[in-house]
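Listing of entry00.txt; format and content: compact mmCIF, C-alpha atoms.
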# COMPACT_ATOMS: atom_id res chain seq x y z
CA MET A 296 1.70 -26.73 1.19
CA ARG A 297 4.68 -28.84 0.23
CA ALA A 298 5.99 -30.99 3.11
CA GLU A 299 9.53 -29.76 2.55
CA SER A 300 8.42 -26.14 3.13
CA ARG A 301 6.52 -26.57 6.39
CA LEU A 302 9.20 -25.18 8.69
CA SER A 303 9.76 -22.16 6.46
CA TRP A 304 6.10 -21.22 6.31
CA LEU A 305 5.83 -21.76 10.05
CA ALA A 306 8.58 -19.18 10.52
CA VAL A 307 6.74 -16.76 8.19
CA ALA A 308 3.48 -17.27 10.11
CA ALA A 309 5.19 -16.86 13.48
CA GLY A 310 6.93 -13.64 12.49
CA SER A 311 3.75 -12.18 11.03
CA ALA A 312 1.63 -13.15 14.04
CA LEU A 313 4.22 -11.76 16.44
CA CYS A 314 4.13 -8.45 14.59
CA ALA A 315 0.33 -8.34 14.75
CA ALA A 316 0.45 -9.14 18.47
CA VAL A 317 3.00 -6.58 19.65
CA ALA A 318 3.33 -3.84 17.00
CA ALA A 319 2.64 -0.23 18.00
CA VAL A 320 2.35 3.02 16.05
CA GLY A 321 5.49 5.12 16.42
CA ALA A 322 6.88 8.44 15.28
CA ASP A 323 7.06 9.10 11.53
CA ALA A 324 3.64 7.56 10.89
CA ARG A 325 0.68 9.75 11.81
CA TRP A 326 1.96 12.78 9.93
CA LEU A 327 1.41 10.92 6.67
CA ALA A 328 -2.24 10.40 7.59
CA ALA A 329 -2.56 14.07 8.57
CA LEU A 330 -1.12 15.26 5.26
CA GLY A 331 -3.21 12.71 3.37
CA ALA A 332 -6.32 14.12 5.03
CA ALA A 333 -5.28 17.65 4.09
CA ILE A 334 -4.73 16.62 0.46
CA THR A 335 -8.10 14.85 0.32
CA GLN A 336 -9.97 17.81 1.81
CA ALA A 337 -8.26 20.46 -0.33
CA GLY A 338 -8.20 18.39 -3.51
CA ARG A 339 -4.60 19.43 -4.13
CA ILE A 340 -1.10 19.00 -2.70
CA PRO A 341 -0.28 21.82 -0.25
CA ALA A 342 2.97 23.74 -0.75
CA SER A 343 3.57 23.89 3.02
CA ILE A 344 2.70 21.91 6.16
CA PRO A 345 -0.92 22.95 6.86
CA TYR A 346 -0.99 21.91 10.53
CA ALA A 347 2.22 23.69 11.63
CA SER A 348 2.76 27.40 12.26
CA ALA A 349 6.53 27.31 11.73
CA PRO A 350 7.37 28.48 8.18
CA SER A 351 7.50 25.65 5.62
CA HIS A 352 6.79 27.48 2.38
CA ASP A 353 7.59 25.84 -0.96
CA TRP A 354 8.21 22.42 0.58
CA VAL A 355 8.56 19.66 -2.02
CA ASN A 356 6.16 16.81 -1.21
CA VAL A 357 7.11 13.51 -2.87
CA PRO A 358 5.50 10.54 -1.00
CA VAL A 359 1.94 11.72 -1.68
CA LEU A 360 0.64 8.23 -2.44
CA GLY A 361 2.01 7.02 0.89
CA GLU A 362 0.26 9.89 2.67
CA LEU A 363 -3.05 9.05 1.01
CA VAL A 364 -2.75 5.35 1.89
CA PHE A 365 -2.03 6.19 5.54
CA HIS A 366 -5.03 8.55 5.55
CA TRP A 367 -7.29 5.82 4.17
CA LEU A 368 -5.99 3.33 6.73
CA GLU A 369 -6.46 5.80 9.58
CA SER A 370 -9.99 6.58 8.40
CA LEU A 371 -10.77 2.89 8.09
CA GLY A 372 -9.68 1.76 11.53
CA GLY A 373 -7.30 4.14 13.26
CA ASP A 374 -4.30 2.57 14.95
CA ARG A 375 -5.79 -0.92 14.52
CA ALA A 376 -5.75 -0.52 10.75
CA LEU A 377 -2.17 0.79 10.80
CA VAL A 378 -1.02 -2.19 12.90
CA ALA A 379 -2.87 -4.59 10.59
CA ALA A 380 -1.17 -3.00 7.58
CA GLN A 381 2.21 -3.39 9.28
CA ALA A 382 1.51 -7.07 9.98
CA PHE A 383 0.49 -7.58 6.35
CA ALA A 384 3.65 -5.83 5.13
CA VAL A 385 5.84 -7.98 7.38
CA SER A 386 4.03 -11.12 6.22
CA ALA A 387 4.55 -10.22 2.56
CA MET A 388 8.18 -9.32 3.22
CA LEU A 389 8.93 -12.64 4.92
CA ALA A 390 7.14 -14.60 2.19
CA LEU A 391 9.20 -12.84 -0.51
CA VAL A 392 12.42 -13.41 1.43
CA LEU A 393 11.50 -17.10 1.69
CA ARG A 394 10.92 -17.24 -2.06
CA ASP A 395 14.35 -15.67 -2.61
CA MET A 396 16.06 -18.13 -0.27
CA ARG A 397 14.42 -21.19 -1.81
CA ALA A 398 15.26 -19.97 -5.32
CA SER A 399 18.91 -19.71 -4.23
CA GLY A 400 18.90 -23.39 -3.25
CA ALA A 401 18.62 -23.13 0.55
CA THR A 402 17.01 -26.00 2.47
CA ASP A 403 13.73 -25.69 4.36
CA THR A 404 15.47 -25.91 7.73
CA ALA A 405 18.02 -23.26 6.78
CA CYS A 406 15.28 -20.93 5.53
CA ALA A 407 13.29 -21.38 8.73
CA LEU A 408 16.37 -20.67 10.86
CA VAL A 409 17.14 -17.41 9.05
CA LEU A 410 13.49 -16.32 8.93
CA THR A 411 13.24 -16.84 12.68
CA ALA A 412 16.28 -14.64 13.21
CA ILE A 413 15.04 -11.70 11.10
CA PRO A 414 12.46 -10.31 13.60
CA PHE A 415 15.05 -10.32 16.40
CA ALA A 416 17.60 -8.52 14.24
CA ALA A 417 15.12 -5.81 13.20
CA VAL A 418 12.78 -5.25 16.15
CA SER A 419 12.21 -1.52 15.70
CA SER A 420 11.64 -1.85 11.95
CA LEU A 421 9.17 -4.71 12.08
CA PHE A 422 7.27 -4.03 15.30
CA VAL A 423 6.87 -0.24 15.10
CA VAL A 424 4.54 1.20 12.47
CA ARG A 425 6.32 3.92 10.51
CA ALA A 426 6.45 5.31 6.99
CA GLN A 427 8.87 2.55 5.95
CA LEU A 428 5.97 0.07 6.13
CA PHE A 429 5.76 0.22 2.32
CA SER A 430 9.45 -0.44 1.81
CA LEU A 431 9.55 -3.72 3.74
CA PRO A 432 7.84 -5.88 1.07
CA LEU A 433 9.05 -3.71 -1.81
CA PHE A 434 12.72 -4.12 -0.87
CA ALA A 435 12.24 -7.89 -0.55
CA LEU A 436 10.53 -7.91 -3.97
CA ALA A 437 13.38 -5.92 -5.53
CA LEU A 438 15.93 -8.39 -4.12
CA LEU A 439 13.91 -11.33 -5.45
CA LEU A 440 13.84 -9.76 -8.91
CA VAL A 441 17.52 -8.78 -9.01
CA ARG A 442 18.80 -12.09 -7.65
CA GLY A 443 16.57 -14.00 -10.06
CA GLU A 444 18.07 -12.00 -12.92
CA ALA A 445 21.58 -12.67 -11.60
CA ARG A 446 20.88 -16.39 -11.85
CA THR A 447 18.98 -16.36 -15.14
CA PRO A 448 19.09 -13.06 -17.05
CA SER A 449 15.90 -12.14 -18.90
CA ARG A 450 13.81 -9.16 -19.94
CA ARG A 451 12.06 -9.28 -16.56
CA ILE A 452 14.79 -6.93 -15.33
CA TRP A 453 12.73 -4.11 -16.92
CA LEU A 454 10.16 -4.64 -14.14
CA LEU A 455 12.55 -2.63 -11.97
CA VAL A 456 11.40 0.54 -13.73
CA PRO A 457 7.68 0.49 -12.73
CA LEU A 458 8.66 -0.84 -9.29
CA ILE A 459 10.92 2.17 -8.68
CA ALA A 460 8.28 4.58 -10.01
CA LEU A 461 5.65 3.21 -7.61
CA TRP A 462 8.06 3.05 -4.68
CA SER A 463 9.26 6.63 -5.09
CA ASN A 464 5.71 7.81 -4.41
CA LEU A 465 5.58 5.83 -1.16
CA HIS A 466 8.86 6.01 0.78
CA GLY A 467 12.44 7.20 0.48
CA ALA A 468 14.04 3.79 1.02
CA VAL A 469 13.65 3.41 -2.74
CA LEU A 470 17.15 4.97 -2.87
CA THR A 471 18.58 1.91 -1.11
CA ALA A 472 16.99 -0.39 -3.67
CA LEU A 473 18.39 1.76 -6.47
CA VAL A 474 21.90 1.38 -5.04
CA VAL A 475 21.48 -2.42 -4.98
CA ALA A 476 20.07 -2.48 -8.53
CA THR A 477 22.85 -0.21 -9.79
CA ALA A 478 25.49 -2.47 -8.27
CA TYR A 479 24.01 -5.51 -10.01
CA LEU A 480 23.61 -3.77 -13.37
CA LEU A 481 27.14 -2.32 -13.44
CA LEU A 482 29.13 -5.10 -11.78
CA ASP A 483 27.34 -8.12 -13.23
CA ARG A 484 24.77 -7.52 -15.99
CA LEU A 485 26.91 -5.01 -17.89
CA ARG A 486 29.42 -7.72 -18.86
CA GLN A 487 26.67 -9.90 -20.35
CA ASP A 488 24.28 -7.39 -21.94
CA ARG A 489 25.58 -3.82 -22.03
CA GLY A 490 22.54 -2.36 -23.80
CA VAL A 491 19.97 -3.79 -21.40
CA ALA A 492 22.08 -2.96 -18.33
CA LEU A 493 22.56 0.68 -19.27
CA GLY A 494 18.95 1.04 -20.47
CA VAL A 495 17.46 -0.35 -17.25
CA LEU A 496 19.89 1.71 -15.18
CA ALA A 497 18.93 4.98 -16.88
CA ALA A 498 15.22 4.19 -16.87
CA SER A 499 15.25 3.18 -13.19
CA TRP A 500 16.90 6.41 -12.06
CA ALA A 501 14.52 8.37 -14.29
CA ALA A 502 11.58 6.52 -12.69
CA LEU A 503 12.64 7.98 -9.34
CA PHE A 504 11.33 11.33 -10.62
CA VAL A 505 7.89 10.04 -11.64
CA THR A 506 6.23 11.76 -8.67
CA PRO A 507 3.99 14.83 -8.29
CA ALA A 508 7.18 16.86 -7.74
CA LEU A 509 8.67 15.68 -11.07
CA SER A 510 12.06 17.39 -11.61
CA ARG A 511 12.07 18.70 -8.03
CA THR A 512 11.99 15.19 -6.58
CA GLY A 513 15.73 15.39 -6.04
CA GLU A 514 15.25 18.45 -3.84
CA TYR A 515 13.06 16.38 -1.53
CA TYR A 516 15.68 13.68 -1.04
CA VAL A 517 18.45 16.25 -0.57
CA GLY A 518 16.32 17.98 2.06
CA VAL A 519 15.70 14.74 3.94
CA LEU A 520 19.33 13.62 3.86
CA HIS A 521 20.58 17.06 4.94
CA SER A 522 17.95 17.75 7.60
CA GLU A 523 19.05 18.60 11.12
CA PRO A 524 18.14 15.14 12.56
CA ALA A 525 20.18 13.48 9.79
CA ALA A 526 23.13 15.82 10.30
CA SER A 527 23.16 15.46 14.09
CA GLY A 528 22.22 11.77 14.31
CA PHE A 529 19.06 12.49 16.31
CA GLY A 530 16.17 10.07 16.89
CA LEU A 531 15.54 7.80 13.90
CA TRP A 532 18.82 9.04 12.39
CA ALA A 533 20.93 7.88 15.35
CA PRO A 534 24.02 5.82 14.47
CA LEU A 535 24.43 2.19 15.51
CA SER A 536 25.31 2.17 19.21
CA LEU A 537 26.30 -0.54 21.66
CA HIS A 538 24.49 1.50 24.32
CA ASN A 539 21.19 0.72 22.58
CA PRO A 540 19.90 -2.76 23.58
CA LEU A 541 18.15 -3.24 20.23
CA ASP A 542 21.36 -2.41 18.36
CA VAL A 543 23.24 -4.92 20.52
CA LEU A 544 20.60 -7.54 19.68
CA PHE A 545 20.99 -6.70 15.99
CA VAL A 546 24.77 -7.18 16.15
CA ALA A 547 24.35 -10.48 18.01
CA VAL A 548 21.96 -11.85 15.39
CA ALA A 549 23.29 -10.23 12.22
CA GLY A 550 26.91 -11.15 12.92
CA PRO A 551 26.38 -14.91 12.50
CA LEU A 552 24.10 -14.31 9.51
CA LEU A 553 26.82 -12.27 7.84
CA CYS A 554 29.38 -15.03 8.47
CA LEU A 555 27.01 -17.59 6.94
CA ALA A 556 26.48 -15.33 3.95
CA LEU A 557 30.21 -15.02 3.33
CA ARG A 558 30.50 -18.78 3.65
CA ALA A 559 28.12 -19.08 0.69
CA GLN A 560 30.61 -17.17 -1.49
CA PRO A 561 28.37 -14.33 -2.75
CA ARG A 562 29.06 -12.70 -6.09
CA ARG A 563 31.07 -9.54 -6.53
CA TRP A 564 28.02 -7.26 -6.77
CA GLU A 565 26.59 -8.84 -3.62
CA LEU A 566 29.84 -8.26 -1.73
CA PHE A 567 29.76 -4.61 -2.80
CA CYS A 568 26.17 -4.27 -1.57
CA LEU A 569 27.02 -5.96 1.73
CA ALA A 570 29.80 -3.44 2.31
CA VAL A 571 27.60 -0.45 1.42
CA LEU A 572 24.64 -1.65 3.51
CA ALA A 573 26.90 -2.44 6.46
CA ALA A 574 28.40 1.06 6.29
CA GLY A 575 24.91 2.55 6.05
CA THR A 576 23.83 0.60 9.13
CA VAL A 577 26.76 1.85 11.19
CA HIS A 578 25.99 5.43 10.11
CA VAL A 579 22.22 5.17 10.79
CA GLY A 580 21.10 2.26 12.95
CA ARG A 581 17.60 1.96 11.51
CA ASN A 582 19.14 0.99 8.13
CA SER A 583 19.90 -2.40 9.69
CA ILE A 584 16.69 -3.85 8.23
CA TRP A 585 18.00 -3.51 4.66
CA LEU A 586 21.25 -5.28 5.55
CA VAL A 587 19.33 -8.08 7.29
CA LEU A 588 17.01 -8.59 4.31
CA PHE A 589 19.89 -8.55 1.83
CA VAL A 590 21.98 -11.03 3.80
CA ALA A 591 19.10 -13.48 4.38
CA ALA A 592 19.30 -15.50 1.14
CA PRO A 593 23.08 -16.03 1.08
CA ALA A 594 23.02 -16.77 4.84
CA ALA A 595 20.41 -19.49 4.34
CA ARG A 596 22.50 -20.90 1.51
CA GLY A 597 25.47 -21.06 3.86
CA VAL A 598 23.67 -23.07 6.56
CA ARG A 599 24.55 -26.75 6.82
CA PHE A 600 22.04 -28.55 9.02
CA GLY A 601 20.58 -32.02 9.21
CA GLY A 602 18.04 -33.82 11.38
CA ASP A 603 15.51 -36.61 11.73
CA VAL A 604 12.63 -36.11 9.28
CA GLN A 605 9.92 -37.63 11.50
CA ALA A 606 11.00 -35.60 14.52
CA LYS A 607 11.01 -32.43 12.43
CA ARG A 608 7.46 -33.07 11.21
CA PHE A 609 6.22 -33.64 14.75
CA LEU A 610 7.87 -30.48 16.08
CA THR A 611 6.53 -28.50 13.14
CA THR A 612 2.96 -29.62 13.83
CA CYS A 613 3.25 -28.68 17.49
CA ALA A 614 4.94 -25.38 16.77
CA TRP A 615 2.03 -24.11 14.66
CA ILE A 616 0.26 -23.50 17.98
CA VAL A 617 2.52 -20.47 18.57
CA PRO A 618 1.46 -18.28 15.60
CA ILE A 619 -2.19 -19.31 16.09
CA VAL A 620 -2.12 -18.12 19.72
CA LEU A 621 -0.28 -14.92 18.76
CA LEU A 622 -2.76 -14.16 15.98
CA ALA A 623 -5.72 -14.71 18.34
CA SER A 624 -4.24 -12.32 20.90
CA ALA A 625 -3.50 -9.76 18.17
CA LEU A 626 -7.14 -9.74 17.03
CA SER A 627 -8.40 -9.20 20.58
CA ARG A 628 -5.91 -6.62 21.89
CA THR A 629 -6.15 -2.83 21.89
CA PRO A 630 -3.12 -1.12 20.28
CA VAL A 631 -0.61 0.20 22.81
CA GLN A 632 -1.12 3.87 23.67
CA THR A 633 2.00 5.78 22.60
CA VAL A 634 0.62 9.34 22.59
CA ALA A 635 -1.49 11.50 24.90
CA GLY A 636 -5.03 10.24 25.22
CA SER A 637 -7.98 11.97 23.59
CA PRO A 638 -9.14 13.82 26.77
CA LEU A 639 -5.67 15.26 27.36
CA ARG A 640 -5.32 16.34 23.73
CA ALA A 641 -8.75 17.97 23.83
CA ARG A 642 -7.76 19.83 27.01
CA ALA A 643 -4.61 21.08 25.30
CA ALA A 644 -6.62 22.33 22.32
CA THR A 645 -9.06 24.14 24.63
CA LEU A 646 -6.24 25.88 26.49
CA ALA A 647 -4.48 26.81 23.26
CA ALA A 648 -7.67 28.42 21.91
CA GLY A 649 -6.49 28.19 18.31
CA ARG A 650 -2.87 29.11 18.98
CA PRO A 651 -0.15 26.58 18.06
CA ILE A 652 0.77 23.95 20.64
CA LEU A 653 4.37 22.99 21.32
CA ALA A 654 4.49 19.19 21.47
CA ASP A 655 6.97 16.31 21.15
CA ALA A 656 7.22 14.53 17.81
CA GLU A 657 4.63 11.77 18.36
CA ASP A 658 2.08 13.96 20.16
CA ALA A 659 2.52 16.67 17.52
CA GLU A 660 1.70 14.13 14.79
CA GLN A 661 -1.42 13.00 16.66
CA LEU A 662 -2.55 16.57 17.29
CA ALA A 663 -2.11 17.27 13.58
CA LEU A 664 -4.20 14.20 12.80
CA ASP A 665 -6.88 15.55 15.17
CA GLY A 666 -6.98 18.75 13.13
CA ARG A 667 -5.17 20.82 15.77
CA ARG A 668 -2.44 23.34 15.07
CA VAL A 669 1.10 22.73 16.36
CA TRP A 670 4.28 24.74 16.05
CA ILE A 671 6.33 22.08 14.25
CA ALA A 672 5.99 18.37 13.47
CA ASN A 673 7.12 15.73 11.03
CA PRO A 674 8.16 15.90 8.26
CA ILE A 675 10.72 18.06 10.03
CA ASP A 676 12.82 18.49 6.88
CA ALA A 677 10.08 20.78 5.55
CA PHE A 678 11.13 23.54 7.96
CA ALA A 679 14.07 25.93 8.20
CA ARG A 680 17.27 24.42 9.63
CA SER A 681 17.23 26.98 12.47
CA ASP A 682 13.74 25.86 13.53
CA GLN A 683 14.74 22.21 13.23
CA ARG A 684 17.79 22.87 15.40
CA ALA A 685 15.79 24.68 18.08
CA TYR A 686 13.15 21.95 18.18
CA LEU A 687 15.69 19.14 18.54
CA ALA A 688 17.42 21.06 21.34
CA TRP A 689 14.08 21.33 23.15
CA LEU A 690 13.31 17.62 22.67
CA ALA A 691 16.74 16.75 24.08
CA GLY A 692 16.14 18.91 27.14
CA GLY A 693 18.84 21.37 26.14
CA ARG A 694 19.07 24.96 27.31
CA ARG A 695 18.93 26.26 23.73
CA GLY A 696 15.43 24.83 23.43
CA ASP A 697 14.12 27.11 26.19
CA ALA A 698 13.70 29.87 23.62
CA LEU A 699 10.74 27.96 22.20
CA LEU A 700 8.96 28.09 25.55
CA GLU A 701 9.00 31.89 25.43
CA ARG A 702 6.80 31.76 22.32
CA HIS A 703 4.24 29.21 23.49
CA ASP A 704 1.75 29.07 26.34
CA VAL A 705 0.61 25.44 26.01
CA VAL A 706 3.01 22.48 25.91
CA LEU A 707 2.19 18.78 25.56
CA VAL A 708 5.10 16.46 26.16
CA GLN A 709 5.74 12.76 26.77
CA LEU A 710 6.00 11.72 30.40
CA GLY A 711 9.58 11.04 31.49
CA SER A 712 11.17 12.53 28.38
CA ASP A 713 14.14 14.90 28.59
CA ALA A 714 11.91 17.80 27.56
CA GLN A 715 9.35 16.98 30.27
CA THR A 716 12.02 16.64 32.94
CA ARG A 717 13.43 20.08 32.15
CA LEU A 718 9.98 21.65 31.85
CA ALA A 719 8.96 20.29 35.26
CA GLY A 720 11.61 22.53 36.82
CA ASN A 721 10.58 25.63 34.88
CA ARG A 722 8.67 28.01 37.16
CA ALA A 723 7.18 29.84 34.19
CA PHE A 724 4.96 26.79 33.50
CA ARG A 725 2.67 24.72 35.67
CA GLU A 726 1.28 21.25 35.14
CA VAL A 727 -2.39 21.20 34.21
CA ALA A 728 -3.09 17.49 33.67
CA ARG A 729 -1.45 14.20 32.73
CA ASP A 730 -2.25 10.65 31.72
CA ASP A 731 -0.18 7.47 31.49
CA VAL A 732 1.80 8.77 28.51
CA ALA A 733 1.98 12.57 28.45
CA VAL A 734 1.88 15.72 30.60
CA LEU A 735 0.13 18.99 29.74
CA TYR A 736 1.64 22.30 30.82
CA ARG A 737 0.48 25.89 30.48
CA ARG A 738 2.18 29.18 31.20
CA ALA A 739 1.72 30.28 34.80
CA SER A 740 -0.32 33.47 34.99
Write-out of the structure in structure tokens:
Amino acid sequence: MRAESRLSWLAVAAGSALCAAVAAVGADARWLAALGAAITQAGRIPASIPYASAPSHDWVNVPVLGELVFHWLESLGGDRALVAAQAFAVSAMLALVLRDMRASGATDTACALVLTAIPFAAVSSLFVVRAQLFSLPLFALALLLVRGEARTPSRRIWLLVPLIALWSNLHGAVLTALVVATAYLLLDRLRQDRGVALGVLAASWAALFVTPALSRTGEYYVGVLHSEPAASGFGLWAPLSLHNPLDVLFVAVAGPLLCLALRAQPRRWELFCLAVLAAGTVHVGRNSIWLVLFVAAPAARGVRFGGDVQAKRFLTTCAWIVPIVLLASALSRTPVQTVAGSPLRARAATLAAGRPILADAEDAEQLALDGRRVWIANPIDAFARSDQRAYLAWLAGGRRGDALLERHDVVLVQLGSDAQTRLAGNRAFREVARDDVAVLYRRAS
């Protein structure tokens, strides 16, 4: 390791170890493993959601590769393997961001400062295992490629095409990378090499359709972007809010980074991307990770910081203790329980006797992974808008969601959630059992 990069690599190690030590599996994760298992067992891609009874006929399934990878990880080591994969993805992402910052001319101290800030600005993206796991390193890789081409144009820009083709089979954040690449190609590269710019642009957008769905790939993305959660700003689609502590932390950290980035005088295409990514973050809070990753390199370039070399080396040596301790604790800990435990899920399946179970999003995904049948679960965009609307109303504890209870006898719901609070006051149901995370109800006879 070069002496002038010690602080930067320390920041990468600390962020990766912190992820391994505290990450937990969240919503929008286990359904991929469940679908991957269904694909593996059937030897084909199902045209509907096999574990849900709500109608989902003729659903277009695009991220099949992502589903298979999650299935393999789940089979290999369950939640531990998923958390390990998240830590690896975060490690690769931070390493690629560091490479981008150093290539832009940022100092070691500046890189370390920005890398340290990234985990605090994107807590829910880095420390919760979700489908976007794949997009973390891939977005950083796309930025490294595009910025490298902006500095020194070459034929390496054509690498965008296979990158987009691979990414489209893994996760939908590929659309964000395509917006960034399009901005660079039209606002910068087009003036220097029109043929290459237009060729790469056309080929990259065509690569988006290199999935099992082929020409219907666009239908998948339209369905996701126009789903009921997206339209109503529910759950992972919630807008940036100052009532959310993690969003407040993001604003507190990202604000100074954005000022530093502007201080570095970014190019026109970068300014355009900053504006688009900022608007996307305000509209959907979870998009903040893409803004943070994009702003990292120019922010590091805008940092002006000095210090005693000997003191910095001493502090760096001592500070390596932190990621080592975090990594040791990560290897010895049991992943945090975020869904109903196995005994409670088994009890729910016994009571249901083969009939679909009504469950909250995370428990529904886990039940699906167990091979149980639920009424509806992620990917929620696969179902009719009316069913999506009714399910979200039930999750939010709304009166309109009570209609779902009339159709189901067994309900598994997270303890303390809005749905559980409302159900506790419903005389038509009685509590059967609970654990530290969830409560099981059945219809009173």
### Residue among A:Ser583, A:Thr477, A:Thr633, A:Ser399 lying closest to A:Ile413, counting all atoms listed in the file
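Closest residue, counting all atoms listed in the file: A:Ser583.
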### Message
I'd like the neighbourhood of stretch 645-660 of chain A as a VMD selection string, where a residue qualifies if any of its atoms comes within 8 Å (using all atoms listed in the file), though same-chain residues fewer than 4 positions away should be ignored.
### Response
chain A and resid 321 to 326 329 347 to 348 633 to 635 641 664 667 to 673 690 703 to 709 737
### Query
Hey, which of A:Val320, A:Leu541, A:Val505, A:Val418 ends up closest to A:Glu369? Count all atoms listed in the file.
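Of all the options, A:Val320 lies closest to A:Glu369.
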### Query
Nearest to A:Ala591: which of A:Phe365, A:Leu553, A:His521, A:Tyr516 is it, counting only C-alpha atoms?
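Nearest to A:Ala591: A:Leu553.
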### Query
Near A:Ala685, within 8 Å and counting all atoms listed in the file, which residues show up once chain neighbours fewer than 5 positions away are dropped, as a count of residues only?
4
#### Entry: Nearest candidate to A:Arg596 (options A:Leu330, A:Leu557, A:Ala723, A:Leu544; using all atoms listed in the file)
A:Leu557
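Distances to A:Leu710 were evaluated for A:Ala574, A:Ala733, A:Leu503, A:Ala728 using all atoms listed in the file, and the minimum falls at A:Ala733.
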### Task
Quote the spacing between atom CA of A:Val475 and atom CA of A:Leu377 in Å to one decimal place.
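Atom-to-atom, atom CA of A:Val475 to atom CA of A:Leu377, that is 28.6 Å.
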### Residues within 12 Å of (6.7, 0.6, -10.3), counting all atoms listed in the file, listed as a ChimeraX atom specification
/A:433,436-437,453-465,469,498-506
Interface rows for stretch 327-392 of chain A against stretch 420-427 of chain A: nearest pair, Å to one decimal, 10 Å, only C-alpha atoms, as JSON lines:
{"residue": "A:Leu327", "atom": "CA", "partner": "A:Ala426", "partner_atom": "CA", "distance": 7.5}
{"residue": "A:Pro358", "atom": "CA", "partner": "A:Ala426", "partner_atom": "CA", "distance": 9.6}
{"residue": "A:Gly361", "atom": "CA", "partner": "A:Ala426", "partner_atom": "CA", "distance": 7.7}
{"residue": "A:Glu362", "atom": "CA", "partner": "A:Ala426", "partner_atom": "CA", "distance": 8.8}
{"residue": "A:Phe365", "atom": "CA", "partner": "A:Ala426", "partner_atom": "CA", "distance": 8.6}
{"residue": "A:Asp374", "atom": "CA", "partner": "A:Val424", "partner_atom": "CA", "distance": 9.3}
{"residue": "A:Leu377", "atom": "CA", "partner": "A:Val424", "partner_atom": "CA", "distance": 6.9}
{"residue": "A:Val378", "atom": "CA", "partner": "A:Val424", "partner_atom": "CA", "distance": 6.5}
{"residue": "A:Ala379", "atom": "CA", "partner": "A:Val424", "partner_atom": "CA", "distance": 9.6}
{"residue": "A:Ala380", "atom": "CA", "partner": "A:Val424", "partner_atom": "CA", "distance": 8.6}
{"residue": "A:Gln381", "atom": "CA", "partner": "A:Val424", "partner_atom": "CA", "distance": 6.1}
{"residue": "A:Ala382", "atom": "CA", "partner": "A:Leu421", "partner_atom": "CA", "distance": 8.3}
{"residue": "A:Ala384", "atom": "CA", "partner": "A:Leu421", "partner_atom": "CA", "distance": 8.9}
{"residue": "A:Val385", "atom": "CA", "partner": "A:Leu421", "partner_atom": "CA", "distance": 6.6}
So that I have them on file, write out the residues from the current selection with C-alpha atoms, as an mmCIF file, keeping the file's coordinate frame.
data_model
loop_
_atom_site.group_PDB
_atom_site.id
_atom_site.type_symbol
_atom_site.label_atom_id
_atom_site.label_comp_id
_atom_site.auth_asym_id
_atom_site.auth_seq_id
_atom_site.Cartn_x
_atom_site.Cartn_y
_atom_site.Cartn_z
ATOM 1 C CA LEU A 327 1.410 10.920 6.670
ATOM 2 C CA PRO A 358 5.500 10.540 -1.000
ATOM 3 C CA GLY A 361 2.010 7.020 0.890
ATOM 4 C CA GLU A 362 0.260 9.890 2.670
ATOM 5 C CA PHE A 365 -2.030 6.190 5.540
ATOM 6 C CA ASP A 374 -4.300 2.570 14.950
ATOM 7 C CA LEU A 377 -2.170 0.790 10.800
ATOM 8 C CA VAL A 378 -1.020 -2.190 12.900
ATOM 9 C CA ALA A 379 -2.870 -4.590 10.590
ATOM 10 C CA ALA A 380 -1.170 -3.000 7.580
ATOM 11 C CA GLN A 381 2.210 -3.390 9.280
ATOM 12 C CA ALA A 382 1.510 -7.070 9.980
ATOM 13 C CA ALA A 384 3.650 -5.830 5.130
ATOM 14 C CA VAL A 385 5.840 -7.980 7.380
#
### Task
May I have the protein, DNA and RNA residues with any atom at most 12 Å from the point (21.7, 1.1, 10.0), counting only C-alpha atoms, written as an MDAnalysis selection string?
chainID A and resid 416:417 419:420 471 528 531:536 541:542 545:546 549 571:587
Give me the residues near stretch 332-343 of chain A as a PDB file with C-alpha atoms, keeping the file's coordinate frame, where near means some atom within 6 Å (using all atoms listed in the file) and where sequence neighbours in that chain fewer than 3 positions away do not count.
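Output below, filename around30.pdb:
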ATOM      1  CA  ALA A 329      -2.560  14.070   8.570  1.00  0.00           C
ATOM      2  CA  SER A 351       7.500  25.650   5.620  1.00  0.00           C
ATOM      3  CA  HIS A 352       6.790  27.480   2.380  1.00  0.00           C
ATOM      4  CA  ASP A 353       7.590  25.840  -0.960  1.00  0.00           C
ATOM      5  CA  TRP A 354       8.210  22.420   0.580  1.00  0.00           C
ATOM      6  CA  HIS A 366      -5.030   8.550   5.550  1.00  0.00           C
TER       7      HIS A 366
END
Stretch 469-480 of chain A: axis-aligned bounding box, 8 Å on each side, centre and edge lengths in Å, one decimal, as lines of an AutoDock Vina configuration file:
center_x = 19.6
center_y = -0.3
center_z = -7.2
size_x = 27.8
size_y = 26.5
size_z = 28.3
#### Entry: Given all atoms listed in the file as the counted atoms, nearest of A:Ala407, A:Val355, A:Ala526, A:Leu302 to A:Leu509
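Of all the options, A:Val355 lies closest to A:Leu509.
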